[in-house]
Amino acid sequence: RRLEVAAAAARLIAEKGLEALTTRSLAKALGCSIGVLSHYFASKDDIITAAFEWADSDIDARMQQALNLESPSIDDFIPLLQAGLPLDEQSELSWRVRFTLYTCAYSENTLRTRVWQKFDQSSEALHALIAQWQRDGQVRSDMSAHRITSIVMDLMVGAAQNLLRTPLQERRAKAQYLFDLVNALRTT
């Protein structure tokens, strides 16, 4: 039920903004009483954090599915990026929640800590992949894995924000420069 509440909160945030997320509007969207919400969450901040975690989990699951976990290779990089970008309606919803909460994180310490930790975890996971691909000779080594990771993370977040302003059917073409960058990192 907590996951259902988090998903409903995420939809409200994505569609109407954080200010539209009230316990009353959330209870109405779920068809339950406000008391039910307080059974699962101690505060509105807990609901907001759960919505952020729901959005992150959605994107993480898509990216994990795109990655060959047994033997990840540079061939997985483009599908990994595609899975992480807002290229369909579901991932758009998740990114809208992320960006709304990123904005709140600048003024709210607990949320800021959570957002930055998640960004650091994602960067570390990407760095590990890129470093492994460099050791395997799949990615150019004339640039450090840290540098490549920083560039890709910055481009992903910026691209995601720009893609949300682009009509859905045009987003893959607009993101092509990222995929071209990945191809330029290949050794072969």
# chains A, B, ... in the order shown; residues from 1 in each chain; ligands from 1
>>> residues_around(residues="A:Asp154", least_positions_apart="4", cutoff="12 Å", atoms="only C-alpha atoms", output="list of chain:residue names")
A:Phe119, A:Ser122, A:Ser123, A:Arg147, A:Ile148, A:Thr149, A:Ser150, A:Gly158, A:Ala159, A:Ala160, A:Gln161, A:Leu178
>>> write_last_selection(atoms="C-alpha atoms", output="mmCIF file, in the first residue's frame")
data_model
loop_
_atom_site.group_PDB
_atom_site.id
_atom_site.type_symbol
_atom_site.label_atom_id
_atom_site.label_comp_id
_atom_site.auth_asym_id
_atom_site.auth_seq_id
_atom_site.Cartn_x
_atom_site.Cartn_y
_atom_site.Cartn_z
ATOM 1 C CA PHE A 119 23.184 11.180 -7.632
ATOM 2 C CA SER A 122 24.364 6.626 -9.785
ATOM 3 C CA SER A 123 27.685 8.280 -10.612
ATOM 4 C CA ARG A 147 35.922 12.533 -16.444
ATOM 5 C CA ILE A 148 33.738 10.456 -18.768
ATOM 6 C CA THR A 149 31.352 9.736 -15.890
ATOM 7 C CA SER A 150 31.054 13.431 -15.012
ATOM 8 C CA GLY A 158 20.609 18.325 -18.815
ATOM 9 C CA ALA A 159 19.287 16.262 -21.696
ATOM 10 C CA ALA A 160 16.452 14.906 -19.557
ATOM 11 C CA GLN A 161 15.405 18.433 -18.675
ATOM 12 C CA LEU A 178 24.277 11.465 -26.551
#
>>> atom_distance(atom1="atom CA of A:Ser25", atom2="atom CA of A:Arg11")
11.4 Å
>>> atom_distance(atom1="atom CA of A:Gln169", atom2="atom CA of A:Met153")
23.5 Å
>>> residues_around(residues="A:Leu111", least_positions_apart="6", cutoff="10 Å", atoms="only C-alpha atoms", output="MDAnalysis selection string")
chainID A and resid 45:46 48:49 52 101:105 117
>>> write_last_selection(atoms="N, CA and C atoms", output="compact mmCIF listing (two decimals), in the first residue's frame")
# COMPACT_ATOMS: atom_id res chain seq x y z
N ASP A 45 6.25 15.26 4.28
CA ASP A 45 7.64 15.12 3.82
C ASP A 45 7.99 13.66 3.55
N ASP A 46 7.47 12.76 4.38
CA ASP A 46 7.70 11.33 4.15
C ASP A 46 7.04 10.87 2.86
N ILE A 48 6.50 12.82 0.23
CA ILE A 48 7.31 13.42 -0.84
C ILE A 48 8.57 12.59 -1.07
N THR A 49 9.22 12.19 0.01
CA THR A 49 10.42 11.35 -0.12
C THR A 49 10.07 10.01 -0.77
N PHE A 52 9.70 10.51 -4.48
CA PHE A 52 11.02 10.61 -5.11
C PHE A 52 11.64 9.22 -5.25
N LEU A 101 11.38 17.55 -7.35
CA LEU A 101 12.00 17.32 -6.06
C LEU A 101 13.45 17.80 -6.03
N TYR A 102 14.13 17.79 -7.18
CA TYR A 102 15.47 18.39 -7.23
C TYR A 102 15.38 19.85 -6.82
N THR A 103 14.37 20.54 -7.34
CA THR A 103 14.20 21.96 -7.02
C THR A 103 13.97 22.16 -5.53
N CYS A 104 13.13 21.33 -4.94
CA CYS A 104 12.86 21.42 -3.49
C CYS A 104 14.11 21.11 -2.67
N ALA A 105 14.95 20.26 -3.19
CA ALA A 105 16.13 19.82 -2.45
C ALA A 105 17.10 20.96 -2.16
N GLN A 117 22.78 11.96 -2.41
CA GLN A 117 23.23 10.58 -2.22
C GLN A 117 22.87 9.73 -3.44
>>> residues_around(residues="A:Ala9", least_positions_apart="5", cutoff="9 Å", atoms="only C-alpha atoms", output="PyMOL selection string")
chain A and resi 4+14+21-22+26+29+47-48+50-51
>>> select_by_dssp(residues="stretch 9-161 of chain A", states="alpha helix (DSSP H)", output="number ranges by chain")
A: 9-16, 23-30, 34-40, 44-66, 77-84, 89-105, 109-135, 145-161
>>> closest_residue(among="A:Leu155, A:Val115, A:Ala125, A:Leu185", to="A:Gly137", atoms="only C-alpha atoms")
A:Leu185
>>> atom_distance(atom1="atom CA of A:Tyr177", atom2="atom CA of A:Pro72")
22.2 Å
>>> closest_residue(among="A:Val5, A:Ala55, A:Thr166, A:Ser144", to="A:Leu37", atoms="only C-alpha atoms")
A:Val5
>>> closest_residue(among="A:Pro79, A:Arg112, A:Arg62, A:Ile151", to="A:His127", atoms="only C-alpha atoms")
A:Ile151
>>> closest_residue(among="A:Gln121, A:Gln82, A:Gln132, A:Val157", to="A:Gln176", atoms="only C-alpha atoms")
A:Gln82
>>> residues_around(residues="A:Pro86", least_positions_apart="3", cutoff="9 Å", atoms="only C-alpha atoms", output="PDB file with N, CA, C and O atoms, in the first residue's frame")
ATOM      1  N   GLN A  82      19.156   5.212 -23.000  1.00  0.00           N
ATOM      2  CA  GLN A  82      17.777   5.310 -23.476  1.00  0.00           C
ATOM      3  C   GLN A  82      16.790   4.959 -22.362  1.00  0.00           C
ATOM      4  O   GLN A  82      15.753   5.609 -22.219  1.00  0.00           O
ATOM      5  N   ALA A  83      17.125   3.962 -21.572  1.00  0.00           N
ATOM      6  CA  ALA A  83      16.244   3.560 -20.467  1.00  0.00           C
ATOM      7  C   ALA A  83      16.195   4.623 -19.380  1.00  0.00           C
ATOM      8  O   ALA A  83      15.191   4.748 -18.676  1.00  0.00           O
ATOM      9  N   GLU A  89       6.148   7.906 -21.959  1.00  0.00           N
ATOM     10  CA  GLU A  89       5.279   8.558 -20.977  1.00  0.00           C
ATOM     11  C   GLU A  89       5.622   8.185 -19.535  1.00  0.00           C
ATOM     12  O   GLU A  89       5.597   9.037 -18.645  1.00  0.00           O
ATOM     13  N   GLN A  90       5.938   6.917 -19.289  1.00  0.00           N
ATOM     14  CA  GLN A  90       6.237   6.484 -17.928  1.00  0.00           C
ATOM     15  C   GLN A  90       7.510   7.140 -17.404  1.00  0.00           C
ATOM     16  O   GLN A  90       7.550   7.649 -16.291  1.00  0.00           O
ATOM     17  N   SER A  91       8.575   7.130 -18.214  1.00  0.00           N
ATOM     18  CA  SER A  91       9.813   7.744 -17.745  1.00  0.00           C
ATOM     19  C   SER A  91       9.680   9.266 -17.672  1.00  0.00           C
ATOM     20  O   SER A  91      10.335   9.910 -16.856  1.00  0.00           O
ATOM     21  N   GLU A  92       8.811   9.839 -18.486  1.00  0.00           N
ATOM     22  CA  GLU A  92       8.553  11.275 -18.376  1.00  0.00           C
ATOM     23  C   GLU A  92       7.959  11.597 -17.005  1.00  0.00           C
ATOM     24  O   GLU A  92       8.380  12.549 -16.346  1.00  0.00           O
ATOM     25  N   LEU A  93       7.012  10.806 -16.565  1.00  0.00           N
ATOM     26  CA  LEU A  93       6.405  11.011 -15.252  1.00  0.00           C
ATOM     27  C   LEU A  93       7.481  10.957 -14.169  1.00  0.00           C
ATOM     28  O   LEU A  93       7.546  11.825 -13.296  1.00  0.00           O
ATOM     29  N   SER A  94       8.345   9.955 -14.245  1.00  0.00           N
ATOM     30  CA  SER A  94       9.405   9.812 -13.239  1.00  0.00           C
ATOM     31  C   SER A  94      10.350  11.003 -13.255  1.00  0.00           C
ATOM     32  O   SER A  94      10.759  11.499 -12.198  1.00  0.00           O
ATOM     33  N   TRP A  95      10.714  11.481 -14.430  1.00  0.00           N
ATOM     34  CA  TRP A  95      11.615  12.638 -14.507  1.00  0.00           C
ATOM     35  C   TRP A  95      10.938  13.917 -14.038  1.00  0.00           C
ATOM     36  O   TRP A  95      11.578  14.774 -13.427  1.00  0.00           O
ATOM     37  N   ARG A  96       9.657  14.064 -14.301  1.00  0.00           N
ATOM     38  CA  ARG A  96       8.954  15.258 -13.807  1.00  0.00           C
ATOM     39  C   ARG A  96       8.982  15.290 -12.281  1.00  0.00           C
ATOM     40  O   ARG A  96       9.185  16.339 -11.674  1.00  0.00           O
ATOM     41  N   ALA A 160      17.775  15.274 -20.072  1.00  0.00           N
ATOM     42  CA  ALA A 160      16.452  14.906 -19.557  1.00  0.00           C
ATOM     43  C   ALA A 160      15.584  16.155 -19.396  1.00  0.00           C
ATOM     44  O   ALA A 160      14.414  16.169 -19.787  1.00  0.00           O
ATOM     45  N   GLN A 161      16.165  17.199 -18.857  1.00  0.00           N
ATOM     46  CA  GLN A 161      15.405  18.433 -18.675  1.00  0.00           C
ATOM     47  C   GLN A 161      14.971  19.010 -20.022  1.00  0.00           C
ATOM     48  O   GLN A 161      13.824  19.414 -20.193  1.00  0.00           O
ATOM     49  N   LEU A 163      14.668  17.370 -22.864  1.00  0.00           N
ATOM     50  CA  LEU A 163      13.748  16.458 -23.546  1.00  0.00           C
ATOM     51  C   LEU A 163      12.311  16.631 -23.054  1.00  0.00           C
ATOM     52  O   LEU A 163      11.366  16.447 -23.825  1.00  0.00           O
ATOM     53  N   LEU A 164      12.141  16.988 -21.788  1.00  0.00           N
ATOM     54  CA  LEU A 164      10.783  17.192 -21.269  1.00  0.00           C
ATOM     55  C   LEU A 164      10.083  18.360 -21.955  1.00  0.00           C
ATOM     56  O   LEU A 164       8.855  18.429 -21.965  1.00  0.00           O
ATOM     57  N   LEU A 168       7.056  14.294 -27.355  1.00  0.00           N
ATOM     58  CA  LEU A 168       7.484  12.919 -27.110  1.00  0.00           C
ATOM     59  C   LEU A 168       8.021  12.233 -28.358  1.00  0.00           C
ATOM     60  O   LEU A 168       9.066  11.576 -28.315  1.00  0.00           O
ATOM     61  N   ARG A 171      11.774  13.101 -29.252  1.00  0.00           N
ATOM     62  CA  ARG A 171      12.817  13.029 -28.227  1.00  0.00           C
ATOM     63  C   ARG A 171      13.989  12.131 -28.599  1.00  0.00           C
ATOM     64  O   ARG A 171      15.129  12.475 -28.317  1.00  0.00           O
TER      65      ARG A 171
END
>>> closest_residue(among="A:Ser107, A:Thr100, A:Ser43, A:Gln138", to="A:Glu19", atoms="only C-alpha atoms")
A:Thr100
>>> residues_around(residues="A:Asp75", least_positions_apart="4", cutoff="10 Å", atoms="only C-alpha atoms", output="list in words")
Leu67, Asn68, Pro79, Leu80, Gln138, Val182, Asn183 and Arg186 of chain A
>>> closest_residue(among="A:Leu87, A:Lys118, A:Val152, A:Val139", to="A:Pro167", atoms="only C-alpha atoms")
A:Leu87
